[in-house]
2 protein chains.
Amino acid sequence: MAREAARFQHQGELQFVDMLRRRVGVARGAGVVLGIGDDCAIVRPKGSAEDLLYTTDMLIEGVHFLRETHRAEDVGWKALARGLSDIAAMGGEPRFCLLSLAVAEWCDQRWIDGFYRGLLALAQREGAPLIGGDLAKTDRVMCDIVVGGAVPRGRALRRDGARAGDAIYVSGVLGGSALGLATQRGRAWKRHRRPEPRIALGRFLRERVGATAAMDLSDGVSLDLQRLCMASGLCAEIETPPVFRGATVDQALHRGEDYELLFTVPRRGRVPGEFEGVRLTRIGVMRLEPVGMVEWNGALLEPKGYDHLR
Amino acid sequence: MAREAARFQHQGELQFVDMLRRRVGVARGAGVVLGIGDDCAIVRPKGSAEDLLYTTDMLIEGVHFLRETHRAEDVGWKALARGLSDIAAMGGEPRFCLLSLAVAEWCDQRWIDGFYRGLLALAQREGAPLIGGDLAKTDRVMCDIVVGGAVPRGRALRRDGARAGDAIYVSGVLGGSALGLATQRGRAWKRHRRPEPRIALGRFLRERVGATAAMDLSDGVSLDLQRLCMASGLCAEIETPPVFRGATVDQALHRGEDYELLFTVPRRGRVPGEFEGVRLTRIGVMRLEPVGMVEWNGALLEPKGYDHLR
């Protein structure tokens, strides 16, 4: 099994992040609790009752969205939603955001207004005011959102907290974003354009459910669950997660941008069937080895999710 | 004079930032002390003895550097130096950084290694460990650095603190980066490739000099001083600042990327002639009106510095 597991040491992004972690080493003396490799970094200011969370997420024209099909307002919304989703995954409360925005020659005032309208609407709703950033002009739109958040000291939900025997859950139904991107119609398309960061759910998992680990599903459950397994030094056995109506099982397993939460709960933990209208579904269990492997209905599940370096 | 001053209400970036500030409004309840428009945003965590500083800076291939002339190591160094310079401008101490990096098809392992070598060397020297970020792949290299820092509560040096009668100073000699970009030779080229963030000087200005306002010279003294004037609701009269050997007065006044500090000091304040080998030179005085105007040797100085949206 060890050799089979080795096949799943996903190259590309995972390898890159590993290289970086080795080179950076352990950040000492600066109150850094958790560095590279989770949804957010965690910093503990001296004497503070809170841990601070930081995340950055890029959204690039031609990579993450197309000028022709994605409205400016949706691009602004999604840029921030991606960052907020990382705060949600740690069980955190968002506090502020900063935006670096490179506009392209083709961006007129109307596009820029729409972009900020979408971003600021979500920022206001979630209590994450825009407090700074940077501006540039280049040949395609590139934005990088920074979100700062907070959790009570030592209470952040991390990827490395799962234990053997923990139950694995997902929120919502998966594959909707991929379906929407393919059809550009209906609820699935809205799901793709305007993902909903699960902020309230993340807090609920931390405060009431006693989740042991969590992350957001940005790149597909097959790859994201593998990352959680690697971080926790475990493997996972799962069944098919709930599939968005009209989407394929493949879309639900391997395609990203659903921004639902993937989390683990102690064997005897109690998880309601839904939270604020979002289903919570048990899809499997964490096991000891081989580390990093995900088994789906008894067969190996290849981590075919979205790799940002491929 | 009011109509002449109106000519200097610089359009482009300044207008854009004003629009944003109006739309965002005052960020309430989140401990936000200072939002959009200064070198860093300032956040005050509940009960904290420190204010936290945040800044983001982009570095884009073809805009801020060229693949052909700028070595990978220098690009990594400069990406971080720009962010650290903003922390220096507030009199702050850097604590950590995050990096969003979009690599291009042409980036090989050697380039990426060099980039991180340059960035991490400076991060280690300045005590700002890399704790997170994001990765993507696109058609040109784009990086966005986030730097977090801290100052004692309420003590950050801001752009809006200057008072009429304050003396205006600059550190170092100006125009070197522009000269270096033009000649790609000697000390000027090194100055362009490896700017030195004035972290220790910034702290010295805050702790020992009692500076009333400060900012870093990233876009040229003519434009940057105008921004300081606008923020403080004042105007400025200056003489020619010290010029880098071989550079022109035009380069010293209007060209960016020197990353020296521009600061104001009370009329009777005492400023040494140098700090740790860097000259500190009085170049002028802050006046009441017309607001936003810079007078140079008795004539109006147009803000011809680098505008990121032109």
# chains A, B, ... in the order shown; residues from 1 in each chain; ligands from 1
call {"tool": "interface_residues", "arguments": {"of": "chain A", "to": "chain B", "cutoff": "7 Å", "atoms": "only C-alpha atoms", "output": "VMD selection string"}}
result
chain A and resid 24 27 30 35 to 36 41 48 55 to 58 63 95 100 129 to 138 308 to 309
call {"tool": "residues_around", "arguments": {"residues": "Met215 of chain B", "least_positions_apart": "5", "cutoff": "7 Å", "atoms": "only C-alpha atoms", "output": "VMD selection string"}}
result
chain B and resid 39 89 to 90 159 261 to 263
call {"tool": "select_by_dssp", "arguments": {"residues": "segment 92-281 of chain A", "states": "helix (DSSP H, G or I)", "output": "JSON, numbers by chain"}}
result
{"A": [109, 110, 111, 112, 113, 114, 115, 116, 117, 118, 119, 120, 121, 122, 123, 124, 125, 159, 160, 161, 176, 177, 178, 179, 180, 181, 182, 183, 186, 187, 188, 189, 190, 191, 192, 193, 199, 200, 201, 202, 203, 204, 205, 206, 207, 208, 209, 221, 222, 223, 224, 225, 226, 227, 228, 229, 230, 231, 232, 249, 250, 251, 252, 253, 254]}
call {"tool": "residues_around", "arguments": {"residues": "segment 179-196 of chain B", "least_positions_apart": "3", "cutoff": "10 Å", "atoms": "only C-alpha atoms", "output": "ChimeraX atom specification"}}
result
/B:65,69-71,73-82,84-85,118,122,174-176,199,244-248,251-252,255-260
call {"tool": "decode", "arguments": {"residues": "segment 270-282 of chain A", "atoms": "N, CA, C and O atoms", "output": "PDB file, in the first residue's frame"}}
result
ATOM      1  N   ARG A 270     -21.964  15.069  17.686  1.00  0.00           N
ATOM      2  CA  ARG A 270     -23.320  15.211  17.154  1.00  0.00           C
ATOM      3  C   ARG A 270     -23.375  16.360  16.158  1.00  0.00           C
ATOM      4  O   ARG A 270     -23.020  17.493  16.478  1.00  0.00           O
ATOM      5  N   VAL A 271     -23.811  16.041  14.965  1.00  0.00           N
ATOM      6  CA  VAL A 271     -23.893  17.038  13.895  1.00  0.00           C
ATOM      7  C   VAL A 271     -25.335  17.064  13.387  1.00  0.00           C
ATOM      8  O   VAL A 271     -25.869  16.016  13.013  1.00  0.00           O
ATOM      9  N   PRO A 272     -25.993  18.209  13.401  1.00  0.00           N
ATOM     10  CA  PRO A 272     -27.369  18.267  12.890  1.00  0.00           C
ATOM     11  C   PRO A 272     -27.398  17.992  11.397  1.00  0.00           C
ATOM     12  O   PRO A 272     -26.386  18.111  10.709  1.00  0.00           O
ATOM     13  N   GLY A 273     -28.562  17.647  10.881  1.00  0.00           N
ATOM     14  CA  GLY A 273     -28.715  17.340   9.455  1.00  0.00           C
ATOM     15  C   GLY A 273     -28.583  18.563   8.566  1.00  0.00           C
ATOM     16  O   GLY A 273     -28.282  18.451   7.381  1.00  0.00           O
ATOM     17  N   GLU A 274     -28.826  19.730   9.172  1.00  0.00           N
ATOM     18  CA  GLU A 274     -28.603  20.956   8.412  1.00  0.00           C
ATOM     19  C   GLU A 274     -28.326  22.117   9.350  1.00  0.00           C
ATOM     20  O   GLU A 274     -28.591  22.055  10.558  1.00  0.00           O
ATOM     21  N   PHE A 275     -27.741  23.175   8.777  1.00  0.00           N
ATOM     22  CA  PHE A 275     -27.486  24.396   9.536  1.00  0.00           C
ATOM     23  C   PHE A 275     -27.905  25.573   8.673  1.00  0.00           C
ATOM     24  O   PHE A 275     -27.378  25.750   7.563  1.00  0.00           O
ATOM     25  N   GLU A 276     -28.853  26.343   9.156  1.00  0.00           N
ATOM     26  CA  GLU A 276     -29.368  27.512   8.416  1.00  0.00           C
ATOM     27  C   GLU A 276     -29.661  27.175   6.951  1.00  0.00           C
ATOM     28  O   GLU A 276     -29.250  27.890   6.026  1.00  0.00           O
ATOM     29  N   GLY A 277     -30.333  26.044   6.749  1.00  0.00           N
ATOM     30  CA  GLY A 277     -30.756  25.675   5.396  1.00  0.00           C
ATOM     31  C   GLY A 277     -29.705  24.970   4.556  1.00  0.00           C
ATOM     32  O   GLY A 277     -29.951  24.614   3.405  1.00  0.00           O
ATOM     33  N   VAL A 278     -28.502  24.764   5.113  1.00  0.00           N
ATOM     34  CA  VAL A 278     -27.442  24.074   4.368  1.00  0.00           C
ATOM     35  C   VAL A 278     -27.276  22.659   4.937  1.00  0.00           C
ATOM     36  O   VAL A 278     -27.076  22.488   6.144  1.00  0.00           O
ATOM     37  N   ARG A 279     -27.369  21.653   4.051  1.00  0.00           N
ATOM     38  CA  ARG A 279     -27.227  20.263   4.504  1.00  0.00           C
ATOM     39  C   ARG A 279     -25.844  19.985   5.055  1.00  0.00           C
ATOM     40  O   ARG A 279     -24.848  20.486   4.527  1.00  0.00           O
ATOM     41  N   LEU A 280     -25.781  19.160   6.081  1.00  0.00           N
ATOM     42  CA  LEU A 280     -24.492  18.678   6.595  1.00  0.00           C
ATOM     43  C   LEU A 280     -24.531  17.160   6.472  1.00  0.00           C
ATOM     44  O   LEU A 280     -25.379  16.512   7.072  1.00  0.00           O
ATOM     45  N   THR A 281     -23.629  16.589   5.684  1.00  0.00           N
ATOM     46  CA  THR A 281     -23.707  15.171   5.341  1.00  0.00           C
ATOM     47  C   THR A 281     -22.433  14.432   5.726  1.00  0.00           C
ATOM     48  O   THR A 281     -21.330  14.844   5.352  1.00  0.00           O
ATOM     49  N   ARG A 282     -22.583  13.340   6.425  1.00  0.00           N
ATOM     50  CA  ARG A 282     -21.459  12.471   6.761  1.00  0.00           C
ATOM     51  C   ARG A 282     -21.074  11.695   5.508  1.00  0.00           C
ATOM     52  O   ARG A 282     -21.908  10.990   4.920  1.00  0.00           O
TER      53      ARG A 282
END
